[in-house]
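Here the structure comes first, spelled out in C-alpha cells, and everything after it is commentary.
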Amino acid sequence: MSYNTITYRVTDAVATITLNRPDARNGFTTEMADELGAAFTAADRDDDVRAVVFAAAGKDFCVGMDLTAGGSDEDVTAPGWVEWSTRVVRPMTDLNKPVIVAMQGAAVGVGLSMTLAADFRLAATDSRFGFVFARRGLFPEGGSLWFLPRIVGLAKAKEWMITGRVFGADEALAAGLVTSLHAPDDLLPAAHALAAELATQVAPVSIAAIRRGLVAMSGDKTPEDVFTLDARLISYAFSSADLREGIMSFLEKRRPAFTGKVATELPSLDDWLT
C-alpha cells in the first residue's frame with residue numbers, strides 16, 4: 001500500500017510508522033486515520049516484524065485534528081460508522097506486537113488520545129500534552145475514556161480531561177502517562193533501542209499473550225479469570241520451543257533465538273478465556 005500522510009518501513013524486525021505532515025504540524029485527517037490503521041494492521045500481519053515504533057516527522061508529534069483540512073463527507077450517522085481515532089486505536093489495541101511511541105513537541109487532542117493503546121510512550125523534554133476536547137466543544141475519542149484512567153488513575157484523568165489544559169513533560173512523567181523523557185535529539189534513537197531490545201530479547205508469542213491478556217483482564221473485579229488464563233498459558237508454554245530456548249539461552253549465557261510465530265502458534269485469547 002502507498003501512503004500520503006505517513007511513512008512505513010521495516011528494518012531489523014522493527015516497523016517504523018511515521019506521521020509525515022510536518023508542514024501541518026502533523027494535523028490529523030481522515031486519510032491519516034485510514035493510513036495509520038492500515039499500517040498497524042500490516043505490521044501485525046508481518047511475521048518478520050517484532051516491534052513497532054510510532055513516531056512523527058518535524059517539530060511536533062501531532063497537534064490534533066487538522067481544522068483547516070475541511071470536513072469529511074462521510075455519513076457519521078450511518079450504521080457501523082467508525083470514528084477516526086478508533087480506526088487507529090482499535091488495530092493498535094489488537095496488535096500482537098509491542099508499540100513504542102516517540103513524541104516530541106505538541107501531542108494534543110487526537111494526537112495524544114490515539115497513543116494510549118501503546119505499550120510505551122517516550123517523550124522529548126520539550127513535549128507538551130493536552131486532552132483539549134472540552135475547550136473545542138468536542139468529546140474524547142479513540143477509547144481514551146477507557147484507557148486514560150487505567151494509565152494515570154481516575155482523579156488525574158478527570159483533571160486533565162475536564163479542564164482541557166495543556167501540561168508539560170515533567171507532569172506527564174510524574175503521572176505515568178509517559179515512560180521516560182529524552183533530549184529531543186535522543187528521542188528516536190531511544191525508541192529504536194527499546195524496539196531492538198524487544199525484537200531480539202523477548203519471545204514474540206509471549207509478548208502477544210501478555211499484551212492482549214493485560215487489556216482483556218483490566219476490567220475484571222477478581223483474579224479468578226486470570227487464574228484460568230494462567231493455567232492455560234503455562235500449560236501451553238511447557239510444550240513450546242520458545243520456553244526451551246529461553247532456558248537454554250539463559251544457562252548458556254547467550255542471546256535467545258526465539259522461533260515462535262504469533263500467526264501460527266498463539267491461539268485466540270477468546271479460546272483461552274472460555
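Naming scheme: A, B, ... for chains in displayed order of the C-alpha cells; residues 1 onward per chain; ligands 1 onward as shown.
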> Near Glu74 in chain A, counting only C-alpha atoms, which residues have an atom at most 12 Å away, once you skip same-chain residues fewer than 4 positions from it, shown as a list in words?
Replying inline: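 Near Glu74 in chain A, the qualifying residues are Thr30, Glu31, Ala78, Pro79, Gly80, Trp81, Val82, Glu83 and Trp84 of chain A.
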So that I have them on file, write out the residues from the current selection with C-alpha atoms, as a compact mmCIF listing (two decimals), in the first residue's frame.
# COMPACT_ATOMS: atom_id res chain seq x y z
CA THR A 30 -9.42 11.20 7.76
CA GLU A 31 -6.81 9.99 5.29
CA ALA A 78 -24.54 5.59 9.10
CA PRO A 79 -24.82 2.20 10.84
CA GLY A 80 -21.39 0.79 11.58
CA TRP A 81 -19.57 4.10 11.08
CA VAL A 82 -16.23 4.06 12.92
CA GLU A 83 -14.92 7.34 14.26
CA TRP A 84 -11.49 8.34 13.02
>> At a cut-off of 9 Å, using only C-alpha atoms, what residues contact Asp119 in chain A? Leave out same-chain residues fewer than 6 positions from it and give the result as a list in words.
In response: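 What passes the distance filter is Pro98, Val99, Ile100, Val101 and Arg211 of chain A.
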What does the file look like for those residues with all heavy atoms, as an mmCIF file, in the first residue's frame?
data_model
loop_
_atom_site.group_PDB
_atom_site.id
_atom_site.type_symbol
_atom_site.label_atom_id
_atom_site.label_comp_id
_atom_site.auth_asym_id
_atom_site.auth_seq_id
_atom_site.Cartn_x
_atom_site.Cartn_y
_atom_site.Cartn_z
ATOM 1 N N PRO A 98 4.564 -5.303 20.384
ATOM 2 C CA PRO A 98 4.649 -4.125 21.255
ATOM 3 C C PRO A 98 4.772 -2.843 20.441
ATOM 4 O O PRO A 98 5.397 -2.833 19.375
ATOM 5 C CB PRO A 98 5.916 -4.379 22.080
ATOM 6 C CG PRO A 98 6.739 -5.286 21.225
ATOM 7 C CD PRO A 98 5.766 -6.146 20.474
ATOM 8 N N VAL A 99 4.167 -1.771 20.950
ATOM 9 C CA VAL A 99 4.171 -0.475 20.266
ATOM 10 C C VAL A 99 4.855 0.563 21.153
ATOM 11 O O VAL A 99 4.498 0.717 22.331
ATOM 12 C CB VAL A 99 2.741 -0.005 19.934
ATOM 13 C CG1 VAL A 99 2.772 1.354 19.243
ATOM 14 C CG2 VAL A 99 2.031 -1.034 19.058
ATOM 15 N N ILE A 100 5.813 1.262 20.588
ATOM 16 C CA ILE A 100 6.561 2.308 21.284
ATOM 17 C C ILE A 100 6.298 3.618 20.562
ATOM 18 O O ILE A 100 6.567 3.739 19.364
ATOM 19 C CB ILE A 100 8.064 2.012 21.273
ATOM 20 C CG1 ILE A 100 8.355 0.643 21.903
ATOM 21 C CG2 ILE A 100 8.847 3.105 21.989
ATOM 22 C CD1 ILE A 100 9.654 0.036 21.437
ATOM 23 N N VAL A 101 5.767 4.599 21.274
ATOM 24 C CA VAL A 101 5.512 5.914 20.680
ATOM 25 C C VAL A 101 6.637 6.864 21.085
ATOM 26 O O VAL A 101 7.065 6.874 22.245
ATOM 27 C CB VAL A 101 4.154 6.489 21.148
ATOM 28 C CG1 VAL A 101 3.878 7.813 20.446
ATOM 29 C CG2 VAL A 101 3.030 5.503 20.870
ATOM 30 N N ARG A 211 0.499 -8.872 26.253
ATOM 31 C CA ARG A 211 -0.090 -7.600 25.822
ATOM 32 C C ARG A 211 -1.606 -7.691 25.747
ATOM 33 O O ARG A 211 -2.325 -6.832 26.251
ATOM 34 C CB ARG A 211 0.501 -7.230 24.462
ATOM 35 C CG ARG A 211 0.169 -5.839 23.975
ATOM 36 C CD ARG A 211 0.827 -5.555 22.633
ATOM 37 N NE ARG A 211 0.807 -4.141 22.358
ATOM 38 C CZ ARG A 211 -0.244 -3.491 21.862
ATOM 39 N NH1 ARG A 211 -1.356 -4.152 21.596
ATOM 40 N NH2 ARG A 211 -0.194 -2.187 21.647
#
>> Nearest residue to Arg21 in chain A out of A:Lys59, A:Arg50, A:Arg212, A:Lys253, using only C-alpha atoms?
In response: A:Lys59
>> I want to know what sits within 10 Å of Asp242 in chain A, based on only C-alpha atoms, with residues of the same chain fewer than 4 positions away left out; could you give that as a list of chain:residue names?
In response: A:Val202, A:Ala203, A:Pro204, A:Val205, A:Ser206, A:Ala237, A:Phe238, A:Gly246, A:Ile247, A:Met248, A:Pro256, A:Ala257, A:Phe258, A:Thr259, A:Gly260, A:Lys261
Given the selection you just returned, output its residues as a file containing C-alpha atoms, formatted as a short mmCIF file (atom, residue, chain, number, x, y, z; two decimals), in the first residue's frame.
data_model
loop_
_atom_site.label_atom_id
_atom_site.label_comp_id
_atom_site.auth_asym_id
_atom_site.auth_seq_id
_atom_site.Cartn_x
_atom_site.Cartn_y
_atom_site.Cartn_z
CA VAL A 202 11.75 -11.30 24.15
CA ALA A 203 9.67 -14.12 22.68
CA PRO A 204 7.03 -12.69 20.30
CA VAL A 205 4.37 -15.22 21.32
CA SER A 206 4.92 -14.32 24.97
CA ALA A 237 4.35 -22.82 27.36
CA PHE A 238 5.64 -26.21 28.50
CA GLY A 246 14.62 -19.24 26.82
CA ILE A 247 16.02 -21.65 29.42
CA MET A 248 18.97 -22.80 27.30
CA PRO A 256 17.95 -16.10 22.71
CA ALA A 257 16.81 -17.05 19.21
CA PHE A 258 13.05 -17.40 19.60
CA THR A 259 11.33 -19.05 16.64
CA GLY A 260 7.68 -18.98 17.71
CA LYS A 261 5.37 -17.07 15.37
#
> To one decimal place, how far is CA of His182 in chain A from CA of Leu194 in chain A in Å?
Replying inline: 12.9 Å
>> Please return, as a ChimeraX atom specification, all residues of range 30-167 of chain A that DSSP assigns to helix (DSSP H, G or I) on the basis of the backbone.
In response: /A:30-45,84-94,110-113,133-136,144-152,154-163
> With only C-alpha atoms as the atoms that count, which of A:Ala263, A:Arg255, A:Pro140, A:Ala118 lies nearest to Ala199 in chain A?
Replying inline: A:Arg255
> Expressed in Å to a single decimal, how great is the separation between CA of Ala51 in chain A and CA of Asp94 in chain A?
Replying inline: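 Value for the CA of Ala51 in chain A-CA of Asp94 in chain A distance: 13.7 Å.
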> What does the distance from CA of Ile207 in chain A to CA of Val262 in chain A come to in Å, to one decimal?
Replying inline: 9.2 Å
